[in-house]
Every structure is written in structure tokens, then in C-alpha cells.
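Student: One structure is given below, represented as C-alpha cells, and several questions about it will come after.
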Amino acid sequence: SPTLRPPTTPSTSSNIWEAHDGYACRIEGSDSGEKDKDFEKHTGSYVDFTWCEDKCEGSTKCRGFEYRYSDNEGKCEIWLRYYGNVERKTDPYHWCYWKKGWVSNPIPSGGTPSGGTTTAGNYFSKRDNTACGFGGDAKESDGDLFMDISSDLSLDSCKKKCTSRISNGKSCFGYDFRNKDGRCRVYKREPTDVKSKDGVTCWLHS
């Protein structure tokens with residue numbers, strides 16, 4: 001029979017998860033994201049909790065998973081971007097598990113780790129003459145991707161726009177800064193692409 005809920009005895013891989021029992025994975029608030037952009041969706045009688053967990057754990061692209069059981073079948077969302085947010089659900093068969101190590105921490109000056117042991121996902125790295133991005137199909141006016149675009153800012157002010165989001169429990173996966181006019185783009189979603197751009201510096205989730 002399918003495993004509909006997490007096992008009572010934690011698995012050996014349980015230390016890689018931020019577990020939220022009774023919650024759904026979310027971008028912010030009640031925003032459930034967009035299929036094939038934010039997550040892959042799998043359904044079927046064979047899709048149980050263990051299947052969903054194993055599929056995420058075995059994928060380098062997976063940042064977390066949501067599993068729920070209803071109408072006699074399992075529903076598994078494999079999240080391709082990390083947001084770390086959840087929404088409380090009333091039904092008993094709902095779980096959101098984010099992978100640890102993708103939590104966005106404040107950006108140290110210089111773009112290097114600020115001492116101690118570092119792991120993937122806990123700082124931002126500097127890339128000169130590079131713009132962050134989402135590939136050729138993304139538009140700068142798409143506020144769902146480029147969360148905040150401003151001009152006439154200093155580099156430090158641009159960085160603070162990102163760190164203030166983190167301090168307020170919101171997501172920031174990086175920012176880029178254009179020197180000539182102080183244009184600042186703060187990224188709500190994890191950038192999937194970078195491109196060469198003179199005079200632009202990209203600070204990317206590392």
C-alpha cells in the first residue's frame with residue numbers, strides 16, 4: 001500500500017529537509033506558483049510520499065517538494081526554485097519539504113563568505129560585467145520575475161533592497177547593478193541564466 005505520510009521513524013536523509021507538516025509550498029502568501037516554471041507536477045495512484053521525497057532528493061534541480069493525497073491518488077510537486085515559504089492547510093494530508101542549504105542569508109560585502117564554514121546557498125557571489133536573468137523569453141517588465149527595478153541608486157542601496165527582503169522573511173536570490181545610471185534589479189525568483197553585459201555587476205545566489 002502507498003505511504004501517504006512521512007514515516008514515524010526519520011529516514012537517514014531526514015536532515016536535508018526543512019519539514020512543514022500540514023503546509024503547502026508557496027512563493028509568498030497564498031501564491032502557489034506556476035506549473036512547469038516553478039515546479040513539476042506528478043499525480044497517480046503510485047505517487048506516494050516516499051516516491052515524491054526520493055524524486056526530489058535524487059535531483060540536483062529540485063529545491064523542495066510538496067506532497068498531498070486526495071481523491072485516492074497522490075499529488076507531488078517537485079519545486080525547481082527555492083522560496084522557503086509555506087501556507088497552512090486544513091486537510092491532514094499535506095506536506096511541504098524544502099531542502100536545507102538554500103536559505104538566503106544576508107549578502108556579505110565583497111561577495112565572499114563572511115568567515116566560518118560555508119555551504120551552497122548561504123551567500124552571493126559577484127560576477128563582473130554580467131547581468132542576471134531568466135533566459136531569452138523573460139521580459140524586464142515582468143514583475144513576477146524582476147521583483148523590484150529602480151534607478152539612481154548606489155550599489156550599497158541596491159544590496160540593502162535585497163537584504164531587507166530577507167530580513168522581512170521574503171525571498172531574494174540576487175541582484176544586478178548597472179553603474180551608468182544606478183539601475184538595480186532585485187530578484188524574487190532564482191535566476192536561471194546570466195549573460196555578458198559591460199558595466200553591470202551580478203550578485204548571484206551561490
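To be explicit about the labels: the chains of the C-alpha cells are called A, B, and onward in the order shown, and within each one the residues are counted from 1, while ligands get numbers from 1 in the order they are shown.
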Name all residues at most 9 Å from segment 98-100 of chain A (count only C-alpha atoms; drop same-chain ones fewer than 5 positions away) and give them as a list of chain:residue names.

Tutor: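 So, after excluding close chain neighbours, the residues are A:Asn15, A:Ile16, A:Trp17, A:Glu18, A:Ala19, A:His20, A:Cys25, A:Cys56, A:Glu57, A:Cys62, A:Arg63, A:Gly64, A:Phe65, A:Glu66, A:Trp79, A:Tyr82, A:Tyr83, A:Gly84, A:Asn85, A:Gly121.
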
Student: Suppose we keep N, CA and C atoms; can you now write the selection as a PDB file, in the first residue's frame?

Tutor:
```pdb
ATOM      1  N   ASN A  15      17.802  14.796   7.594  1.00  0.00           N
ATOM      2  CA  ASN A  15      18.485  16.027   7.989  1.00  0.00           C
ATOM      3  C   ASN A  15      18.670  16.993   6.826  1.00  0.00           C
ATOM      4  N   ILE A  16      18.282  16.620   5.601  1.00  0.00           N
ATOM      5  CA  ILE A  16      18.420  17.549   4.481  1.00  0.00           C
ATOM      6  C   ILE A  16      17.158  18.387   4.289  1.00  0.00           C
ATOM      7  N   TRP A  17      16.104  18.111   5.066  1.00  0.00           N
ATOM      8  CA  TRP A  17      14.812  18.766   4.823  1.00  0.00           C
ATOM      9  C   TRP A  17      14.453  19.781   5.896  1.00  0.00           C
ATOM     10  N   GLU A  18      13.787  20.844   5.444  1.00  0.00           N
ATOM     11  CA  GLU A  18      13.022  21.715   6.341  1.00  0.00           C
ATOM     12  C   GLU A  18      11.578  21.252   6.217  1.00  0.00           C
ATOM     13  N   ALA A  19      11.103  20.506   7.198  1.00  0.00           N
ATOM     14  CA  ALA A  19       9.803  19.844   7.097  1.00  0.00           C
ATOM     15  C   ALA A  19       8.682  20.732   7.615  1.00  0.00           C
ATOM     16  N   HIS A  20       7.588  20.812   6.850  1.00  0.00           N
ATOM     17  CA  HIS A  20       6.410  21.587   7.234  1.00  0.00           C
ATOM     18  C   HIS A  20       5.180  20.698   7.061  1.00  0.00           C
ATOM     19  N   CYS A  25       3.684  24.307  -0.102  1.00  0.00           N
ATOM     20  CA  CYS A  25       4.789  25.175  -0.524  1.00  0.00           C
ATOM     21  C   CYS A  25       4.229  26.397  -1.260  1.00  0.00           C
ATOM     22  N   CYS A  56      12.726  14.057  -5.416  1.00  0.00           N
ATOM     23  CA  CYS A  56      13.353  15.352  -5.137  1.00  0.00           C
ATOM     24  C   CYS A  56      14.787  15.163  -4.652  1.00  0.00           C
ATOM     25  N   GLU A  57      14.980  14.246  -3.727  1.00  0.00           N
ATOM     26  CA  GLU A  57      16.313  14.042  -3.165  1.00  0.00           C
ATOM     27  C   GLU A  57      17.311  13.620  -4.241  1.00  0.00           C
ATOM     28  N   CYS A  62      16.006  19.899  -7.948  1.00  0.00           N
ATOM     29  CA  CYS A  62      14.896  20.027  -7.010  1.00  0.00           C
ATOM     30  C   CYS A  62      15.306  20.819  -5.780  1.00  0.00           C
ATOM     31  N   ARG A  63      14.519  21.840  -5.443  1.00  0.00           N
ATOM     32  CA  ARG A  63      14.768  22.672  -4.256  1.00  0.00           C
ATOM     33  C   ARG A  63      13.848  22.285  -3.086  1.00  0.00           C
ATOM     34  N   GLY A  64      12.849  21.465  -3.386  1.00  0.00           N
ATOM     35  CA  GLY A  64      11.901  21.039  -2.361  1.00  0.00           C
ATOM     36  C   GLY A  64      10.730  20.345  -3.017  1.00  0.00           C
ATOM     37  N   PHE A  65       9.846  19.792  -2.195  1.00  0.00           N
ATOM     38  CA  PHE A  65       8.681  19.133  -2.780  1.00  0.00           C
ATOM     39  C   PHE A  65       7.451  19.337  -1.905  1.00  0.00           C
ATOM     40  N   GLU A  66       6.310  19.300  -2.567  1.00  0.00           N
ATOM     41  CA  GLU A  66       5.024  19.326  -1.868  1.00  0.00           C
ATOM     42  C   GLU A  66       4.299  18.030  -2.191  1.00  0.00           C
ATOM     43  N   TRP A  79       9.638  21.152  -6.741  1.00  0.00           N
ATOM     44  CA  TRP A  79       9.888  22.585  -6.900  1.00  0.00           C
ATOM     45  C   TRP A  79      11.288  22.828  -7.445  1.00  0.00           C
ATOM     46  N   TYR A  82      13.732  27.751  -5.230  1.00  0.00           N
ATOM     47  CA  TYR A  82      13.558  27.821  -3.780  1.00  0.00           C
ATOM     48  C   TYR A  82      12.922  29.145  -3.360  1.00  0.00           C
ATOM     49  N   TYR A  83      11.861  29.041  -2.561  1.00  0.00           N
ATOM     50  CA  TYR A  83      11.240  30.225  -1.957  1.00  0.00           C
ATOM     51  C   TYR A  83      11.210  30.123  -0.438  1.00  0.00           C
ATOM     52  N   GLY A  84      11.058  28.916   0.083  1.00  0.00           N
ATOM     53  CA  GLY A  84      11.092  28.702   1.515  1.00  0.00           C
ATOM     54  C   GLY A  84       9.828  29.079   2.254  1.00  0.00           C
ATOM     55  N   ASN A  85       8.790  29.468   1.530  1.00  0.00           N
ATOM     56  CA  ASN A  85       7.555  29.906   2.174  1.00  0.00           C
ATOM     57  C   ASN A  85       6.492  28.811   2.128  1.00  0.00           C
ATOM     58  N   GLY A 121      24.429  27.915  -1.201  1.00  0.00           N
ATOM     59  CA  GLY A 121      23.162  28.564  -0.931  1.00  0.00           C
ATOM     60  C   GLY A 121      23.187  29.593   0.167  1.00  0.00           C
TER      61      GLY A 121
END
```

Student: Report, in Å to a single decimal, how far apart atom CA of Pro191 of chain A and atom CA of Arg88 of chain A are.

Tutor: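 Between atom CA of Arg88 of chain A and atom CA of Pro191 of chain A the gap works out to 27.2 Å.
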
Student: Please compute the atom CA of Glu53 of chain A-atom CA of Asp193 of chain A distance, one decimal, in Å.

Tutor: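 Atom-to-atom, atom CA of Glu53 of chain A and atom CA of Asp193 of chain A are spaced 26.9 Å apart.
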